[in-house]
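Everything on this sheet refers to the single structure shown next.
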Amino acid sequence: MQSVILILFYLVIVLMPLCLSWALDWPPRPLLDDIASGLGMVAFAIILTEFVLSGRFKRLSKRIGMDVIQRFHQLIARTALAFALLHPFMFGGTPSGGHRPWDPTRALTVTSEFSDLASGIVAYLLFPTFVLLAIARTQLDYKYETWRLMHGIGSLLIAFLLLDHTISAGRYSADPTIMWFWVAMTGTAVAALLNIYVFQPLRQSTRPWKVTVIKRLTPFQWQLKLAPTGHNGITYDAGQFVWLNIGHSAFSHYENPFSISSASVDGNELSFIIKELGDFTRTLDQVSPGTLAYIDGPYGNLIIEGRTAQGVALIAGGVGIAPMLGILRQMRATGDKRPVKLIYGNRLQEQIIPSEDLSHEDVVYVLSEPPEDWAGETGRIDPALLERHFSPEICQTWLFVLCGPPAMMDAVEDHLLSKGTPSSNILSERFTYD
């Protein structure tokens, strides 16, 4: 029900300029011209709501998941791009240039004055460029921090260009009510961006953390522990994640999302398991105890508290074990008596995280490249393996928590849905998108 309400609210905001325009009792004009204006207005409204979707609002993240928000953010941006690209080609009205006796109010006239169209032309060229850069980010040879700064500044520039174009060249947006709607929407978008780039770093700067433990667990995985400095830490649920910034200013863009592997019952210290993958994680050997850190969070909805499923299945691939450890600790500490089974996959045996938490549970270890004396499961976490360990009844009544490589989660989700698992009983979190 919450998701339905949020979707309806989103549709109301995006379609509001069309409703306001329809309420104006203006003379009619060719249908294609109205379609062109509608496409432009909806595209602009979507672009402005994109700022809010990327605003890292904790309550929204906890309800529907940062994973879902970010995927929707990407898909709806591509929809806005399609509308924006079609927008100018749909106009078929009379171009401006002189007085028309049949159109004394110029209500049927489409402007062709360059001064009115210049900002729209620039935005028309920039918008697809930024969407393509976002889609191809992982294939391009520049850092995430650089892309993030460019994306934020570029998006803000496009928003202001479109605001100017909409008010200057738009037929309906010249109306004061609609004009102020656009101004308010743009102001909200700017506030959401300032929240990420200014207000949140300001709050973080007053609540620093310091590294207490940094040690290598496996050849390419580390354990990192942080303790709050001068404050009581954060309130979080087991399974959530934070954006972590180590060794930089609170205003730095050098932050990365990592799942919390500890539980709130462990105290105010936070623990993480981090795999060497990117620019930051490959420098963990340079981090030492006492290094300052800043945290933005918690976010995410890999939370089992409050869910009434009969059992809990945890399915982890590689470093996806991190949130599962926190969930296991929290379940034991709170006396949760539901049965638990953990499927834990890796490529090599030496990649398995050594943890006492795993010795108390029903754990199925899976290796895709096992040694000769391996006695556990082999191959990948796929439908055949799930069939061996989860009966149809379990699939329909248990809660399934997934974290790992996207291909693994896709395969597991598809299998569970085919076996009748309610979608509300499948929790997943992704940190990479197409």
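Chain identifiers are assigned as A, B, and so on, following the order in which chains appear in the structure tokens; residues are numbered from 1 within each chain, and ligands are numbered from 1 in order of appearance.
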Determine which residues of segment 236-300 of chain A receive a DSSP assignment of helix (DSSP H, G or I), computed from the backbone, and state them as a PyMOL selection string.
chain A and resi 264-266+281-286
Restricted to N, CA and C atoms, what would the selected residues look like written as a CSV table (one decimal), in the first residue's frame?
chain,number,residue,atom,x,y,z
A,264,SER,N,23.2,-3.6,16.0
A,264,SER,CA,23.1,-2.6,17.0
A,264,SER,C,23.4,-3.1,18.4
A,265,VAL,N,23.1,-4.4,18.6
A,265,VAL,CA,23.4,-5.0,19.9
A,265,VAL,C,24.9,-5.0,20.3
A,266,ASP,N,25.7,-4.8,19.3
A,266,ASP,CA,27.2,-4.9,19.5
A,266,ASP,C,27.7,-3.6,20.1
A,281,THR,N,39.0,0.9,-2.4
A,281,THR,CA,39.2,-0.4,-1.7
A,281,THR,C,40.6,-0.9,-1.9
A,282,ARG,N,41.3,-0.5,-3.0
A,282,ARG,CA,42.6,-1.0,-3.2
A,282,ARG,C,43.6,-0.3,-2.4
A,283,THR,N,43.2,0.7,-1.6
A,283,THR,CA,44.1,1.5,-0.8
A,283,THR,C,43.9,1.2,0.7
A,284,LEU,N,43.1,0.2,1.0
A,284,LEU,CA,42.8,-0.1,2.4
A,284,LEU,C,44.1,-0.4,3.2
A,285,ASP,N,45.1,-0.9,2.6
A,285,ASP,CA,46.3,-1.2,3.3
A,285,ASP,C,47.0,0.0,3.7
A,286,GLN,N,46.6,1.2,3.2
A,286,GLN,CA,47.2,2.5,3.7
A,286,GLN,C,46.4,3.1,4.8
Exercise: Asp414 of chain A partners within 12 Å, only C-alpha atoms, chain neighbours under 6 positions left out, as a CSV table (one decimal) with all heavy atoms, in the first residue's frame:
chain,number,residue,atom,x,y,z
A,382,ASP,N,22.4,-21.3,-8.1
A,382,ASP,CA,21.5,-21.3,-9.2
A,382,ASP,C,20.2,-22.0,-8.8
A,382,ASP,O,20.1,-22.5,-7.7
A,382,ASP,CB,22.1,-22.0,-10.5
A,382,ASP,CG,22.6,-23.4,-10.2
A,382,ASP,OD1,22.2,-24.0,-9.1
A,382,ASP,OD2,23.4,-23.9,-11.0
A,383,PRO,N,19.2,-22.1,-9.7
A,383,PRO,CA,17.9,-22.7,-9.4
A,383,PRO,C,18.1,-24.2,-9.0
A,383,PRO,O,17.4,-24.6,-8.0
A,383,PRO,CB,17.1,-22.6,-10.7
A,383,PRO,CG,17.7,-21.4,-11.3
A,383,PRO,CD,19.1,-21.3,-11.0
A,386,LEU,N,19.1,-24.2,-5.3
A,386,LEU,CA,18.0,-23.7,-4.5
A,386,LEU,C,17.0,-24.8,-4.4
A,386,LEU,O,16.4,-25.0,-3.3
A,386,LEU,CB,17.4,-22.5,-5.1
A,386,LEU,CG,18.4,-21.3,-5.1
A,386,LEU,CD1,17.7,-20.1,-5.8
A,386,LEU,CD2,18.8,-20.8,-3.7
A,407,ALA,N,24.1,-10.8,-11.2
A,407,ALA,CA,23.7,-12.0,-12.0
A,407,ALA,C,23.1,-13.1,-11.0
A,407,ALA,O,22.1,-13.7,-11.3
A,407,ALA,CB,24.8,-12.6,-12.8
A,408,MET,N,23.8,-13.2,-9.9
A,408,MET,CA,23.3,-14.2,-8.9
A,408,MET,C,21.9,-13.8,-8.4
A,408,MET,O,21.0,-14.6,-8.3
A,408,MET,CB,24.3,-14.3,-7.7
A,408,MET,CG,23.9,-15.3,-6.7
A,408,MET,SD,24.5,-14.9,-5.0
A,408,MET,CE,23.2,-13.7,-4.5
A,420,GLY,N,6.5,-19.3,-6.4
A,420,GLY,CA,5.4,-18.7,-5.7
A,420,GLY,C,5.8,-17.9,-4.5
A,420,GLY,O,5.0,-17.6,-3.6
A,421,THR,N,7.1,-17.5,-4.4
A,421,THR,CA,7.5,-16.6,-3.3
A,421,THR,C,6.9,-15.2,-3.5
A,421,THR,O,7.1,-14.6,-4.5
A,421,THR,CB,9.0,-16.5,-3.2
A,421,THR,OG1,9.6,-17.8,-3.2
A,421,THR,CG2,9.5,-15.7,-2.0
A,422,PRO,N,6.2,-14.7,-2.5
A,422,PRO,CA,5.6,-13.3,-2.6
A,422,PRO,C,6.8,-12.3,-2.8
A,422,PRO,O,7.8,-12.5,-2.2
A,422,PRO,CB,4.9,-13.1,-1.3
A,422,PRO,CG,4.6,-14.5,-0.8
A,422,PRO,CD,5.8,-15.3,-1.2
A,423,SER,N,6.6,-11.4,-3.7
A,423,SER,CA,7.7,-10.4,-4.0
A,423,SER,C,8.0,-9.6,-2.7
A,423,SER,O,9.2,-9.2,-2.5
A,423,SER,CB,7.3,-9.5,-5.1
A,423,SER,OG,6.1,-8.8,-4.7
A,426,ILE,N,10.9,-11.1,-0.7
A,426,ILE,CA,12.3,-11.1,-1.3
A,426,ILE,C,12.9,-9.7,-1.1
A,426,ILE,O,12.4,-8.7,-1.6
A,426,ILE,CB,12.2,-11.4,-2.8
A,426,ILE,CG1,11.5,-12.8,-3.0
A,426,ILE,CG2,13.6,-11.5,-3.4
A,426,ILE,CD1,11.3,-13.1,-4.5
Residue neighbourhood Ile46 of chain A, 7 Å, only C-alpha atoms, exclusion window fewer than 3 positions, as a PyMOL selection string
chain A and resi 14+42-43+49-50+80
Please list as a ChimeraX atom specification every residue within 10 Å of Phe44 of chain A, counting only C-alpha atoms and excluding residues in the same chain fewer than 2 positions away.
/A:14,17,38-42,46-50,80-81,83-84,158-159,162-163,166,182,185-186
Using DSSP on the backbone coordinates, identify the residues of segment 32-251 of chain A assigned to strand (DSSP E or B); present them as a list in words.
Thr94, Pro95, Thr109, Val110, Trp209, Lys210, Val211, Thr212, Val213, Ile214, Lys215, Arg216, Leu217, Thr218, Gln221, Trp222, Gln223, Leu224, Lys225, Leu226, Ala227, Pro228, Phe241, Val242, Trp243, Leu244, Asn245 and Ile246 of chain A
With C-alpha atoms retained, could you export that selection as a PDB file, in the first residue's frame?
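result38.pdb was written with the following content:
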ATOM      1  CA  THR A  94       2.431  28.840 -37.031  1.00  0.00           C
ATOM      2  CA  PRO A  95       5.924  30.205 -36.421  1.00  0.00           C
ATOM      3  CA  THR A 109       1.812  30.818 -32.263  1.00  0.00           C
ATOM      4  CA  VAL A 110       4.981  28.826 -31.735  1.00  0.00           C
ATOM      5  CA  TRP A 209      34.327   8.625  13.413  1.00  0.00           C
ATOM      6  CA  LYS A 210      37.752   7.051  13.734  1.00  0.00           C
ATOM      7  CA  VAL A 211      39.174   3.761  12.558  1.00  0.00           C
ATOM      8  CA  THR A 212      39.776   1.356  15.454  1.00  0.00           C
ATOM      9  CA  VAL A 213      40.500  -1.874  13.531  1.00  0.00           C
ATOM     10  CA  ILE A 214      41.709  -2.528  10.004  1.00  0.00           C
ATOM     11  CA  LYS A 215      42.814  -6.052   9.199  1.00  0.00           C
ATOM     12  CA  ARG A 216      42.943  -8.410   6.235  1.00  0.00           C
ATOM     13  CA  LEU A 217      40.550 -11.355   6.537  1.00  0.00           C
ATOM     14  CA  THR A 218      41.209 -13.045   3.191  1.00  0.00           C
ATOM     15  CA  GLN A 221      38.810  -8.813   1.862  1.00  0.00           C
ATOM     16  CA  TRP A 222      39.250  -6.576   4.875  1.00  0.00           C
ATOM     17  CA  GLN A 223      37.519  -5.971   8.161  1.00  0.00           C
ATOM     18  CA  LEU A 224      37.105  -2.330   9.104  1.00  0.00           C
ATOM     19  CA  LYS A 225      35.768  -1.090  12.446  1.00  0.00           C
ATOM     20  CA  LEU A 226      34.804   2.486  13.296  1.00  0.00           C
ATOM     21  CA  ALA A 227      34.034   4.134  16.626  1.00  0.00           C
ATOM     22  CA  PRO A 228      32.129   7.417  17.037  1.00  0.00           C
ATOM     23  CA  PHE A 241      24.334   0.192   4.719  1.00  0.00           C
ATOM     24  CA  VAL A 242      26.054   3.577   4.832  1.00  0.00           C
ATOM     25  CA  TRP A 243      28.103   5.770   2.542  1.00  0.00           C
ATOM     26  CA  LEU A 244      31.586   5.750   4.004  1.00  0.00           C
ATOM     27  CA  ASN A 245      34.238   8.453   3.632  1.00  0.00           C
ATOM     28  CA  ILE A 246      37.664   7.655   5.127  1.00  0.00           C
TER      29      ILE A 246
END
How close does each residue of segment 257-315 of chain A get to segment 341-356 of chain A, giving the shortest atom pair and distance in Å to one decimal for every residue with an atom at most 12 Å away, counting only C-alpha atoms, sorted by chain and residue number, as CSV?
residue,atom,partner,partner_atom,distance
A:Ser261,CA,A:Ser355,CA,11.1
A:Ser262,CA,A:Ser355,CA,11.9
A:Ile273,CA,A:Ile353,CA,8.9
A:Ile274,CA,A:Ile353,CA,10.9
A:Lys275,CA,A:Gln351,CA,10.0
A:Glu276,CA,A:Gln351,CA,11.9
A:Gly311,CA,A:Lys341,CA,8.4
A:Val312,CA,A:Lys341,CA,6.6
A:Ala313,CA,A:Lys341,CA,5.0
A:Leu314,CA,A:Leu342,CA,4.6
A:Ile315,CA,A:Ile343,CA,4.7
Please dump the current selection as a PDB file, in the first residue's frame; keep C-alpha atoms.
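Writing done, so here's result_38.pdb:
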ATOM      1  CA  SER A 261      28.307  -6.295   9.181  1.00  0.00           C
ATOM      2  CA  SER A 262      27.705  -5.555  12.859  1.00  0.00           C
ATOM      3  CA  ILE A 273      33.683  -6.274   5.434  1.00  0.00           C
ATOM      4  CA  ILE A 274      35.123  -4.689   2.305  1.00  0.00           C
ATOM      5  CA  LYS A 275      36.423  -6.341  -0.824  1.00  0.00           C
ATOM      6  CA  GLU A 276      39.207  -4.853  -2.927  1.00  0.00           C
ATOM      7  CA  GLY A 311      11.731 -18.636   8.477  1.00  0.00           C
ATOM      8  CA  VAL A 312      14.650 -16.621   7.120  1.00  0.00           C
ATOM      9  CA  ALA A 313      16.851 -17.608   4.180  1.00  0.00           C
ATOM     10  CA  LEU A 314      20.023 -15.587   3.689  1.00  0.00           C
ATOM     11  CA  ILE A 315      21.668 -15.907   0.268  1.00  0.00           C
TER      12      ILE A 315
END
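Residue nearest Cys395 of chain A, chosen from A:Ile121, A:Ala23, A:Ala309, A:Ile327 and counting only C-alpha atoms: A:Ala309.
Each of A:Ser37, A:Asn268, A:Thr146, A:Ser249 was checked against Thr229 of chain A using only C-alpha atoms; the smallest atom-to-atom distance is that of A:Asn268.
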